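Report on the following structure.
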Amino acid sequence: MSDAFTTRVLNVASGSLEAVVDLTHECEAFLREAAAGRSGLLNVFVPHATAGVALIETGAGSDDDLLTALHSLLPADDRWQHRHGSPGHGRDHVLPAIVAPHATLPVIDGRLELGTWQSVCLVDTNRDNPERKVRLSFLVGS
């Protein structure tokens with residue numbers, strides 16, 4: 001693989017509860033190796049039908065607020081056509097339409113360009129799948 005494109009898969013234990021998992025440190029560690037001071041783009045992709053990627057403030061309650069908002073928008077009840085798994089699991093399959101399963105972020109001089117309070121997070125409302133994979137890919141700019 002060319003050093004103009006580097007990719008790595010993270011194994012993330014999101015647990016058996018709804019979760020917002022901060023991946024910022026893992027992204028930064030990946031970029032220290034992959035970007036090595038260069039500029040380009042970081043793509044974060046969750047190859048799952050029931051999870052997403054969000055940029056959100058963490059640690060001040062916003063992560064819990066996001067889960068509360070998703071619960072209001074996508075209640076875990078019997079309204080969903082998709083019915084296998086735990087009760088209300090069909091809503092987990094709608095989640096990626098609201099919280100996309102990917103984000104592409106600028107990298108300048110090897111550093112992830114986030115706003116002061118932004119963190120890169122896995123959003124996982126699926127209690128039936130406690131293990132997730134997250135693919136990080138760095139593409140060097142021209």
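Ligands are numbered from 1 in the order shown, residues from 1 within each chain, and chains are lettered A, B, ... in the order they appear in the structure tokens.
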
*asked:* Run DSSP on the backbone and tell me which residues of chain A come out as alpha helix (DSSP H); list them as a PyMOL selection string.
replied: chain A and resi 24-34+62-73+90-98

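Non-sequential neighbours of His82 in chain A (distance at most 12 Å, separation of 6 or more positions within a chain, only C-alpha atoms) are Thr50, Ala76, Gly88, His89, Gly90, Arg91, Asp92, His93 and Val94 of chain A.
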
_All residues 9 Å or closer to range 106-110 of chain A, only C-alpha atoms, same chain fewer than 5 positions away omitted, as a list of chain:residue names_ = A:Glu28, A:Leu31, A:Arg32, A:Glu33, A:Ala34, A:Ala35, A:Ala36, A:Gly37, A:Arg38, A:Ser39, A:Gly40, A:Leu41, A:Leu42, A:Asn43, A:Phe138, A:Val140

May I have the selected residues written with N, CA, C and O atoms, as a PDB file, in the first residue's frame?
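Contents of the output file selection15.pdb:
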ATOM      1  N   GLU A  28      -5.907  10.514  16.706  1.00  0.00           N
ATOM      2  CA  GLU A  28      -4.651  11.267  16.813  1.00  0.00           C
ATOM      3  C   GLU A  28      -3.444  10.338  16.792  1.00  0.00           C
ATOM      4  O   GLU A  28      -2.434  10.633  16.141  1.00  0.00           O
ATOM      5  N   LEU A  31      -2.877   9.172  13.266  1.00  0.00           N
ATOM      6  CA  LEU A  31      -2.302  10.230  12.433  1.00  0.00           C
ATOM      7  C   LEU A  31      -0.832  10.492  12.741  1.00  0.00           C
ATOM      8  O   LEU A  31      -0.073  10.873  11.839  1.00  0.00           O
ATOM      9  N   ARG A  32      -0.399  10.300  13.976  1.00  0.00           N
ATOM     10  CA  ARG A  32       1.026  10.474  14.279  1.00  0.00           C
ATOM     11  C   ARG A  32       1.862   9.547  13.408  1.00  0.00           C
ATOM     12  O   ARG A  32       2.929   9.920  12.929  1.00  0.00           O
ATOM     13  N   GLU A  33       1.364   8.341  13.197  1.00  0.00           N
ATOM     14  CA  GLU A  33       2.069   7.384  12.330  1.00  0.00           C
ATOM     15  C   GLU A  33       1.791   7.631  10.855  1.00  0.00           C
ATOM     16  O   GLU A  33       2.703   7.757  10.053  1.00  0.00           O
ATOM     17  N   ALA A  34       0.517   7.671  10.500  1.00  0.00           N
ATOM     18  CA  ALA A  34       0.118   7.686   9.087  1.00  0.00           C
ATOM     19  C   ALA A  34       0.410   9.018   8.406  1.00  0.00           C
ATOM     20  O   ALA A  34       0.881   9.043   7.271  1.00  0.00           O
ATOM     21  N   ALA A  35       0.130  10.119   9.076  1.00  0.00           N
ATOM     22  CA  ALA A  35       0.319  11.431   8.456  1.00  0.00           C
ATOM     23  C   ALA A  35       1.766  11.879   8.562  1.00  0.00           C
ATOM     24  O   ALA A  35       2.287  12.496   7.629  1.00  0.00           O
ATOM     25  N   ALA A  36       2.395  11.590   9.681  1.00  0.00           N
ATOM     26  CA  ALA A  36       3.802  11.948   9.892  1.00  0.00           C
ATOM     27  C   ALA A  36       4.082  13.394   9.481  1.00  0.00           C
ATOM     28  O   ALA A  36       5.009  13.670   8.726  1.00  0.00           O
ATOM     29  N   GLY A  37       3.257  14.317   9.951  1.00  0.00           N
ATOM     30  CA  GLY A  37       3.470  15.734   9.678  1.00  0.00           C
ATOM     31  C   GLY A  37       2.889  16.250   8.378  1.00  0.00           C
ATOM     32  O   GLY A  37       2.967  17.437   8.084  1.00  0.00           O
ATOM     33  N   ARG A  38       2.286  15.366   7.594  1.00  0.00           N
ATOM     34  CA  ARG A  38       1.719  15.787   6.303  1.00  0.00           C
ATOM     35  C   ARG A  38       0.261  16.192   6.458  1.00  0.00           C
ATOM     36  O   ARG A  38      -0.402  15.830   7.416  1.00  0.00           O
ATOM     37  N   SER A  39      -0.230  16.911   5.473  1.00  0.00           N
ATOM     38  CA  SER A  39      -1.634  17.327   5.452  1.00  0.00           C
ATOM     39  C   SER A  39      -2.431  16.407   4.534  1.00  0.00           C
ATOM     40  O   SER A  39      -1.878  15.799   3.617  1.00  0.00           O
ATOM     41  N   GLY A  40      -3.726  16.334   4.784  1.00  0.00           N
ATOM     42  CA  GLY A  40      -4.594  15.498   3.967  1.00  0.00           C
ATOM     43  C   GLY A  40      -5.957  15.369   4.616  1.00  0.00           C
ATOM     44  O   GLY A  40      -6.427  16.296   5.281  1.00  0.00           O
ATOM     45  N   LEU A  41      -6.562  14.201   4.458  1.00  0.00           N
ATOM     46  CA  LEU A  41      -7.901  13.940   4.993  1.00  0.00           C
ATOM     47  C   LEU A  41      -7.905  12.648   5.799  1.00  0.00           C
ATOM     48  O   LEU A  41      -7.310  11.649   5.382  1.00  0.00           O
ATOM     49  N   LEU A  42      -8.606  12.686   6.928  1.00  0.00           N
ATOM     50  CA  LEU A  42      -8.866  11.485   7.711  1.00  0.00           C
ATOM     51  C   LEU A  42     -10.317  11.114   7.499  1.00  0.00           C
ATOM     52  O   LEU A  42     -11.207  11.938   7.699  1.00  0.00           O
ATOM     53  N   ASN A  43     -10.540   9.871   7.086  1.00  0.00           N
ATOM     54  CA  ASN A  43     -11.900   9.356   6.992  1.00  0.00           C
ATOM     55  C   ASN A  43     -12.087   8.360   8.127  1.00  0.00           C
ATOM     56  O   ASN A  43     -11.236   7.497   8.350  1.00  0.00           O
ATOM     57  N   PHE A 138      -6.220   7.534   6.137  1.00  0.00           N
ATOM     58  CA  PHE A 138      -5.585   8.834   5.893  1.00  0.00           C
ATOM     59  C   PHE A 138      -5.174   8.911   4.439  1.00  0.00           C
ATOM     60  O   PHE A 138      -4.503   8.017   3.925  1.00  0.00           O
ATOM     61  N   VAL A 140      -3.160  11.430   1.884  1.00  0.00           N
ATOM     62  CA  VAL A 140      -2.270  12.584   1.811  1.00  0.00           C
ATOM     63  C   VAL A 140      -2.781  13.555   0.761  1.00  0.00           C
ATOM     64  O   VAL A 140      -3.210  13.148  -0.324  1.00  0.00           O
TER      65      VAL A 140
END

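Nearest residue to Val9 in chain A, choosing from A:Ala100, A:Leu114, A:Leu70, A:Leu136 and counting only C-alpha atoms: A:Leu136.
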
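Using only C-alpha atoms, the smallest distance between any of A:Glu26, A:Asp78, A:Asp128, A:Asp63 and Arg8 in chain A comes from A:Glu26.
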
*Find the spatial neighbours of Lys133 in chain A, counting only C-alpha atoms, within a cut-off of 12 Å - ignore same-chain residues fewer than 2 positions away - and output them as number ranges by chain.*
A: 8-14, 23, 44-53, 101, 122, 124, 129-131, 135-136

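A straight line drawn from CA of Val21 in chain A to CA of Gly115 in chain A is 18.0 Å long.
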
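If you look at CA of Ala97 in chain A and CA of Ser62 in chain A, they are 20.1 Å away from each other.
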
For the structure I just gave you, how does DSSP split chain A - specifically, which residues are strand (DSSP E)? Reply as a short mmCIF file (atom, residue, chain, number, x, y, z; two decimals) with all heavy atoms, in the first residue's frame.
data_model
loop_
_atom_site.label_atom_id
_atom_site.label_comp_id
_atom_site.auth_asym_id
_atom_site.auth_seq_id
_atom_site.Cartn_x
_atom_site.Cartn_y
_atom_site.Cartn_z
N PHE A 5 -1.82 6.69 1.05
CA PHE A 5 -3.08 6.22 1.63
C PHE A 5 -2.76 5.16 2.66
O PHE A 5 -2.10 4.17 2.36
CB PHE A 5 -3.99 5.64 0.54
CG PHE A 5 -5.28 5.09 1.09
CD1 PHE A 5 -6.34 5.93 1.38
CD2 PHE A 5 -5.43 3.74 1.32
CE1 PHE A 5 -7.53 5.44 1.90
CE2 PHE A 5 -6.62 3.23 1.84
CZ PHE A 5 -7.67 4.09 2.13
N THR A 6 -3.19 5.38 3.88
CA THR A 6 -2.95 4.43 4.96
C THR A 6 -4.26 4.18 5.68
O THR A 6 -5.03 5.11 5.91
CB THR A 6 -1.92 5.00 5.96
OG1 THR A 6 -0.75 5.39 5.25
CG2 THR A 6 -1.55 3.97 7.01
N THR A 7 -4.50 2.93 6.05
CA THR A 7 -5.74 2.60 6.73
C THR A 7 -5.48 1.62 7.86
O THR A 7 -4.51 0.87 7.83
CB THR A 7 -6.78 2.04 5.73
OG1 THR A 7 -8.06 1.95 6.35
CG2 THR A 7 -6.37 0.72 5.16
N ARG A 8 -6.34 1.69 8.87
CA ARG A 8 -6.24 0.81 10.03
C ARG A 8 -7.65 0.58 10.57
O ARG A 8 -8.48 1.47 10.54
CB ARG A 8 -5.38 1.45 11.12
CG ARG A 8 -5.32 0.65 12.40
CD ARG A 8 -4.40 1.27 13.44
NE ARG A 8 -3.06 1.38 12.91
CZ ARG A 8 -2.19 2.31 13.27
NH1 ARG A 8 -2.52 3.22 14.17
NH2 ARG A 8 -0.99 2.34 12.75
N VAL A 9 -7.88 -0.63 11.09
CA VAL A 9 -9.17 -0.94 11.70
C VAL A 9 -9.00 -1.01 13.21
O VAL A 9 -8.12 -1.72 13.72
CB VAL A 9 -9.74 -2.27 11.15
CG1 VAL A 9 -11.02 -2.65 11.88
CG2 VAL A 9 -9.99 -2.17 9.65
N LEU A 10 -9.84 -0.26 13.90
CA LEU A 10 -9.89 -0.30 15.36
C LEU A 10 -10.97 -1.27 15.80
O LEU A 10 -12.04 -1.32 15.18
CB LEU A 10 -10.24 1.07 15.94
CG LEU A 10 -9.40 2.27 15.57
CD1 LEU A 10 -10.01 3.53 16.15
CD2 LEU A 10 -7.97 2.07 16.05
N ASN A 11 -10.73 -2.02 16.85
CA ASN A 11 -11.75 -2.82 17.50
C ASN A 11 -12.20 -2.04 18.72
O ASN A 11 -11.38 -1.72 19.59
CB ASN A 11 -11.21 -4.19 17.88
CG ASN A 11 -10.88 -5.01 16.66
OD1 ASN A 11 -11.72 -5.20 15.80
ND2 ASN A 11 -9.65 -5.48 16.57
N VAL A 12 -13.48 -1.72 18.76
CA VAL A 12 -14.02 -0.88 19.83
C VAL A 12 -15.08 -1.66 20.60
O VAL A 12 -16.03 -2.15 20.00
CB VAL A 12 -14.63 0.42 19.25
CG1 VAL A 12 -15.21 1.28 20.36
CG2 VAL A 12 -13.59 1.20 18.44
N ALA A 13 -14.91 -1.75 21.91
CA ALA A 13 -15.92 -2.37 22.77
C ALA A 13 -16.88 -1.27 23.19
O ALA A 13 -16.56 -0.45 24.05
CB ALA A 13 -15.27 -3.02 23.98
N ALA A 19 -24.27 3.92 23.69
CA ALA A 19 -23.01 4.57 24.03
C ALA A 19 -22.57 5.58 22.98
O ALA A 19 -22.84 5.42 21.79
CB ALA A 19 -21.92 3.51 24.18
N VAL A 20 -21.88 6.59 23.47
CA VAL A 20 -21.11 7.50 22.64
C VAL A 20 -19.66 7.29 23.09
O VAL A 20 -19.32 7.56 24.25
CB VAL A 20 -21.53 8.98 22.85
CG1 VAL A 20 -20.62 9.91 22.06
CG2 VAL A 20 -22.99 9.17 22.45
N VAL A 21 -18.84 6.74 22.19
CA VAL A 21 -17.46 6.37 22.52
C VAL A 21 -16.51 7.35 21.84
O VAL A 21 -16.49 7.44 20.61
CB VAL A 21 -17.15 4.93 22.07
CG1 VAL A 21 -15.73 4.55 22.44
CG2 VAL A 21 -18.16 3.94 22.67
N ASP A 22 -15.74 8.08 22.63
CA ASP A 22 -14.80 9.06 22.10
C ASP A 22 -13.62 8.33 21.45
O ASP A 22 -12.92 7.55 22.11
CB ASP A 22 -14.33 9.97 23.23
CG ASP A 22 -13.55 11.18 22.74
OD1 ASP A 22 -13.02 11.16 21.61
OD2 ASP A 22 -13.47 12.16 23.50
N GLY A 40 -3.73 16.33 4.78
CA GLY A 40 -4.59 15.50 3.97
C GLY A 40 -5.96 15.37 4.62
O GLY A 40 -6.43 16.30 5.28
N LEU A 41 -6.56 14.20 4.46
CA LEU A 41 -7.90 13.94 4.99
C LEU A 41 -7.90 12.65 5.80
O LEU A 41 -7.31 11.65 5.38
CB LEU A 41 -8.92 13.82 3.86
CG LEU A 41 -9.16 15.06 3.02
CD1 LEU A 41 -10.05 14.72 1.82
CD2 LEU A 41 -9.78 16.16 3.86
N LEU A 42 -8.61 12.69 6.93
CA LEU A 42 -8.87 11.48 7.71
C LEU A 42 -10.32 11.11 7.50
O LEU A 42 -11.21 11.94 7.70
CB LEU A 42 -8.63 11.73 9.20
CG LEU A 42 -9.05 10.57 10.12
CD1 LEU A 42 -8.14 9.35 9.91
CD2 LEU A 42 -9.05 11.01 11.58
N ASN A 43 -10.54 9.87 7.09
CA ASN A 43 -11.90 9.36 6.99
C ASN A 43 -12.09 8.36 8.13
O ASN A 43 -11.24 7.50 8.35
CB ASN A 43 -12.15 8.68 5.64
CG ASN A 43 -13.58 8.20 5.54
OD1 ASN A 43 -13.88 7.04 5.81
ND2 ASN A 43 -14.47 9.10 5.17
N VAL A 44 -13.19 8.51 8.84
CA VAL A 44 -13.58 7.60 9.91
C VAL A 44 -14.86 6.92 9.45
O VAL A 44 -15.84 7.60 9.16
CB VAL A 44 -13.82 8.36 11.23
CG1 VAL A 44 -14.16 7.40 12.36
CG2 VAL A 44 -12.60 9.22 11.59
N PHE A 45 -14.84 5.59 9.37
CA PHE A 45 -15.97 4.84 8.83
C PHE A 45 -16.32 3.68 9.73
O PHE A 45 -15.44 2.93 10.17
CB PHE A 45 -15.63 4.32 7.43
CG PHE A 45 -16.71 3.45 6.84
CD1 PHE A 45 -17.94 3.96 6.50
CD2 PHE A 45 -16.47 2.10 6.63
CE1 PHE A 45 -18.94 3.14 5.96
CE2 PHE A 45 -17.46 1.28 6.09
CZ PHE A 45 -18.69 1.80 5.75
N ALA A 51 -24.78 1.82 13.54
CA ALA A 51 -23.92 2.73 14.30
C ALA A 51 -23.55 3.91 13.42
O ALA A 51 -23.69 3.86 12.19
CB ALA A 51 -22.66 2.01 14.77
N GLY A 52 -23.06 4.97 14.03
CA GLY A 52 -22.68 6.16 13.29
C GLY A 52 -21.46 6.83 13.89
O GLY A 52 -20.93 6.40 14.92
N VAL A 53 -21.03 7.90 13.23
CA VAL A 53 -19.88 8.70 13.66
C VAL A 53 -20.37 10.13 13.82
O VAL A 53 -21.03 10.67 12.92
CB VAL A 53 -18.74 8.64 12.62
CG1 VAL A 53 -17.60 9.57 13.02
CG2 VAL A 53 -18.24 7.22 12.44
N ALA A 54 -20.05 10.74 14.95
CA ALA A 54 -20.47 12.12 15.20
C ALA A 54 -19.30 12.94 15.71
O ALA A 54 -18.40 12.42 16.37
CB ALA A 54 -21.60 12.16 16.23
N LEU A 55 -19.32 14.23 15.39
CA LEU A 55 -18.42 15.20 16.01
C LEU A 55 -19.24 15.91 17.07
O LEU A 55 -20.23 16.56 16.74
CB LEU A 55 -17.90 16.20 14.97
CG LEU A 55 -17.06 15.64 13.85
CD1 LEU A 55 -16.58 16.75 12.95
CD2 LEU A 55 -15.89 14.85 14.39
N ILE A 56 -18.84 15.77 18.31
CA ILE A 56 -19.63 16.31 19.41
C ILE A 56 -18.71 16.57 20.60
O ILE A 56 -17.67 15.93 20.74
CB ILE A 56 -20.77 15.33 19.79
CG1 ILE A 56 -21.73 15.95 20.78
CG2 ILE A 56 -20.23 14.00 20.25
CD1 ILE A 56 -23.00 15.13 21.02
N HIS A 102 -20.00 7.73 8.78
CA HIS A 102 -18.67 8.18 8.37
C HIS A 102 -18.50 9.68 8.63
O HIS A 102 -19.49 10.42 8.77
CB HIS A 102 -18.45 7.91 6.87
CG HIS A 102 -19.46 8.62 6.04
ND1 HIS A 102 -19.30 9.91 5.60
CD2 HIS A 102 -20.69 8.24 5.60
CE1 HIS A 102 -20.38 10.28 4.92
NE2 HIS A 102 -21.24 9.28 4.91
N ALA A 103 -17.24 10.09 8.68
CA ALA A 103 -16.90 11.51 8.74
C ALA A 103 -15.55 11.67 8.06
O ALA A 103 -14.66 10.82 8.21
CB ALA A 103 -16.82 12.01 10.18
N THR A 104 -15.39 12.74 7.29
CA THR A 104 -14.12 13.05 6.66
C THR A 104 -13.65 14.38 7.23
O THR A 104 -14.38 15.37 7.19
CB THR A 104 -14.25 13.12 5.13
OG1 THR A 104 -14.72 11.85 4.67
CG2 THR A 104 -12.91 13.42 4.48
N LEU A 105 -12.44 14.37 7.78
CA LEU A 105 -11.94 15.50 8.55
C LEU A 105 -10.59 15.99 8.01
O LEU A 105 -9.76 15.18 7.60
CB LEU A 105 -11.76 15.08 10.01
CG LEU A 105 -12.99 14.42 10.64
CD1 LEU A 105 -12.62 13.74 11.94
CD2 LEU A 105 -14.06 15.46 10.85
N PRO A 106 -10.35 17.30 8.05
CA PRO A 106 -9.07 17.82 7.59
C PRO A 106 -7.93 17.51 8.57
O PRO A 106 -8.12 17.52 9.79
CB PRO A 106 -9.31 19.33 7.50
CG PRO A 106 -10.42 19.60 8.44
CD PRO A 106 -11.26 18.36 8.47
N VAL A 107 -6.78 17.25 8.00
CA VAL A 107 -5.55 17.05 8.76
C VAL A 107 -4.54 18.06 8.22
O VAL A 107 -4.27 18.09 7.02
CB VAL A 107 -5.01 15.61 8.58
CG1 VAL A 107 -3.69 15.42 9.30
CG2 VAL A 107 -6.04 14.59 9.05
N ILE A 108 -4.02 18.90 9.09
CA ILE A 108 -3.06 19.93 8.69
C ILE A 108 -1.75 19.68 9.43
O ILE A 108 -1.73 19.63 10.67
CB ILE A 108 -3.59 21.36 9.01
CG1 ILE A 108 -4.98 21.59 8.40
CG2 ILE A 108 -2.58 22.42 8.56
CD1 ILE A 108 -5.04 21.50 6.89
N ARG A 111 -1.85 17.03 12.06
CA ARG A 111 -2.76 17.19 13.21
C ARG A 111 -4.20 17.28 12.75
O ARG A 111 -4.52 17.98 11.80
CB ARG A 111 -2.40 18.44 14.00
CG ARG A 111 -1.01 18.34 14.65
CD ARG A 111 -0.74 19.57 15.47
NE ARG A 111 -1.82 19.81 16.40
CZ ARG A 111 -1.74 19.65 17.70
NH1 ARG A 111 -0.61 19.24 18.23
NH2 ARG A 111 -2.77 19.91 18.48
N LEU A 112 -5.06 16.58 13.47
CA LEU A 112 -6.48 16.61 13.21
C LEU A 112 -7.01 18.01 13.52
O LEU A 112 -6.76 18.55 14.58
CB LEU A 112 -7.17 15.57 14.09
CG LEU A 112 -8.61 15.22 13.86
CD1 LEU A 112 -8.85 14.79 12.42
CD2 LEU A 112 -9.03 14.11 14.82
N SER A 119 -15.04 16.36 19.47
CA SER A 119 -14.43 15.04 19.58
C SER A 119 -15.03 14.15 18.50
O SER A 119 -16.18 14.32 18.12
CB SER A 119 -14.71 14.42 20.95
OG SER A 119 -14.12 15.18 21.98
N VAL A 120 -14.25 13.20 18.04
CA VAL A 120 -14.72 12.21 17.06
C VAL A 120 -15.28 11.03 17.85
O VAL A 120 -14.55 10.43 18.66
CB VAL A 120 -13.56 11.74 16.16
CG1 VAL A 120 -14.06 10.73 15.13
CG2 VAL A 120 -12.86 12.91 15.50
N CYS A 121 -16.55 10.70 17.63
CA CYS A 121 -17.20 9.69 18.46
C CYS A 121 -17.95 8.64 17.64
O CYS A 121 -18.57 8.96 16.63
CB CYS A 121 -18.21 10.35 19.39
SG CYS A 121 -17.45 11.48 20.56
N LEU A 122 -17.90 7.42 18.13
CA LEU A 122 -18.76 6.35 17.67
C LEU A 122 -20.07 6.49 18.41
O LEU A 122 -20.07 6.65 19.64
CB LEU A 122 -18.12 5.00 17.99
CG LEU A 122 -19.01 3.76 17.87
CD1 LEU A 122 -19.33 3.48 16.41
CD2 LEU A 122 -18.33 2.56 18.51
N VAL A 123 -21.19 6.47 17.69
CA VAL A 123 -22.51 6.50 18.31
C VAL A 123 -23.14 5.14 18.07
O VAL A 123 -23.33 4.73 16.92
CB VAL A 123 -23.38 7.63 17.70
CG1 VAL A 123 -24.76 7.63 18.34
CG2 VAL A 123 -22.70 8.98 17.87
N ASP A 124 -23.45 4.45 19.17
CA ASP A 124 -23.94 3.08 19.07
C ASP A 124 -25.13 2.89 20.00
O ASP A 124 -24.98 2.91 21.22
CB ASP A 124 -22.81 2.11 19.45
CG ASP A 124 -23.16 0.66 19.19
OD1 ASP A 124 -24.29 0.38 18.73
OD2 ASP A 124 -22.30 -0.19 19.44
N GLU A 131 -19.42 -5.20 20.25
CA GLU A 131 -18.10 -5.03 19.63
C GLU A 131 -18.27 -4.37 18.26
O GLU A 131 -19.09 -4.81 17.45
CB GLU A 131 -17.41 -6.38 19.44
CG GLU A 131 -17.17 -7.13 20.74
CD GLU A 131 -16.12 -6.49 21.61
OE1 GLU A 131 -15.16 -5.90 21.07
OE2 GLU A 131 -16.26 -6.56 22.85
N ARG A 132 -17.48 -3.34 18.00
CA ARG A 132 -17.56 -2.61 16.73
C ARG A 132 -16.18 -2.50 16.10
O ARG A 132 -15.16 -2.53 16.78
CB ARG A 132 -18.11 -1.20 16.95
CG ARG A 132 -19.51 -1.18 17.48
CD ARG A 132 -20.46 -1.84 16.52
NE ARG A 132 -21.83 -1.68 16.97
CZ ARG A 132 -22.86 -1.76 16.17
NH1 ARG A 132 -22.70 -2.03 14.89
NH2 ARG A 132 -24.08 -1.63 16.64
N LYS A 133 -16.18 -2.35 14.80
CA LYS A 133 -14.97 -2.05 14.06
C LYS A 133 -15.11 -0.63 13.53
O LYS A 133 -16.20 -0.21 13.11
CB LYS A 133 -14.77 -3.02 12.92
CG LYS A 133 -14.57 -4.44 13.41
CD LYS A 133 -13.92 -5.31 12.39
CE LYS A 133 -13.69 -6.71 12.91
NZ LYS A 133 -12.84 -6.81 14.04
N VAL A 134 -14.04 0.12 13.55
CA VAL A 134 -14.01 1.46 13.01
C VAL A 134 -12.78 1.55 12.13
O VAL A 134 -11.65 1.26 12.57
CB VAL A 134 -13.92 2.53 14.12
CG1 VAL A 134 -13.85 3.93 13.53
CG2 VAL A 134 -15.11 2.41 15.07
N ARG A 135 -12.99 1.92 10.86
CA ARG A 135 -11.86 2.03 9.93
C ARG A 135 -11.41 3.48 9.87
O ARG A 135 -12.22 4.38 9.57
CB ARG A 135 -12.24 1.55 8.53
CG ARG A 135 -11.07 1.69 7.53
CD ARG A 135 -11.37 1.05 6.20
NE ARG A 135 -11.49 -0.38 6.31
CZ ARG A 135 -10.46 -1.24 6.34
NH1 ARG A 135 -9.21 -0.77 6.31
NH2 ARG A 135 -10.66 -2.52 6.42
N LEU A 136 -10.12 3.71 10.12
CA LEU A 136 -9.50 5.01 9.97
C LEU A 136 -8.67 4.97 8.70
O LEU A 136 -7.87 4.03 8.51
CB LEU A 136 -8.60 5.33 11.16
CG LEU A 136 -9.23 5.26 12.54
CD1 LEU A 136 -8.19 5.56 13.62
CD2 LEU A 136 -10.41 6.20 12.65
N SER A 137 -8.83 5.96 7.84
CA SER A 137 -8.06 6.03 6.60
C SER A 137 -7.51 7.44 6.42
O SER A 137 -8.27 8.41 6.55
CB SER A 137 -8.93 5.68 5.38
OG SER A 137 -9.45 4.38 5.50
N PHE A 138 -6.22 7.53 6.14
CA PHE A 138 -5.58 8.83 5.89
C PHE A 138 -5.17 8.91 4.44
O PHE A 138 -4.50 8.02 3.93
CB PHE A 138 -4.37 9.04 6.80
CG PHE A 138 -3.64 10.32 6.50
CD1 PHE A 138 -4.21 11.55 6.79
CD2 PHE A 138 -2.39 10.29 5.90
CE1 PHE A 138 -3.56 12.73 6.49
CE2 PHE A 138 -1.72 11.47 5.61
CZ PHE A 138 -2.30 12.69 5.91
N LEU A 139 -5.59 9.98 3.79
CA LEU A 139 -5.21 10.25 2.40
C LEU A 139 -4.40 11.52 2.37
O LEU A 139 -4.88 12.59 2.79
CB LEU A 139 -6.47 10.39 1.53
CG LEU A 139 -6.23 10.70 0.06
CD1 LEU A 139 -5.49 9.55 -0.62
CD2 LEU A 139 -7.56 10.95 -0.63
N VAL A 140 -3.16 11.43 1.88
CA VAL A 140 -2.27 12.58 1.81
C VAL A 140 -2.78 13.56 0.76
O VAL A 140 -3.21 13.15 -0.32
CB VAL A 140 -0.83 12.14 1.45
CG1 VAL A 140 0.08 13.34 1.27
CG2 VAL A 140 -0.29 11.20 2.51
#

*Using only C-alpha atoms, pick whichever of A:Leu95, A:His84, A:Thr24, A:Ala4 has the shortest atom-to-atom distance to Glu57 in chain A.*
A:Thr24

*Which of these, A:Pro96, A:Thr125, A:Thr58, A:Phe30, has the shortest distance to His71 in chain A once you count only C-alpha atoms?*
A:Thr125

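Nearest-residue note for Leu67 in chain A: choosing from A:Glu113, A:Leu17, A:Ser142, A:Asp3, the minimum distance belongs to A:Leu17, counting only C-alpha atoms.
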
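A straight line drawn from CA of Arg127 in chain A to CA of Ser16 in chain A is 4.5 Å long.
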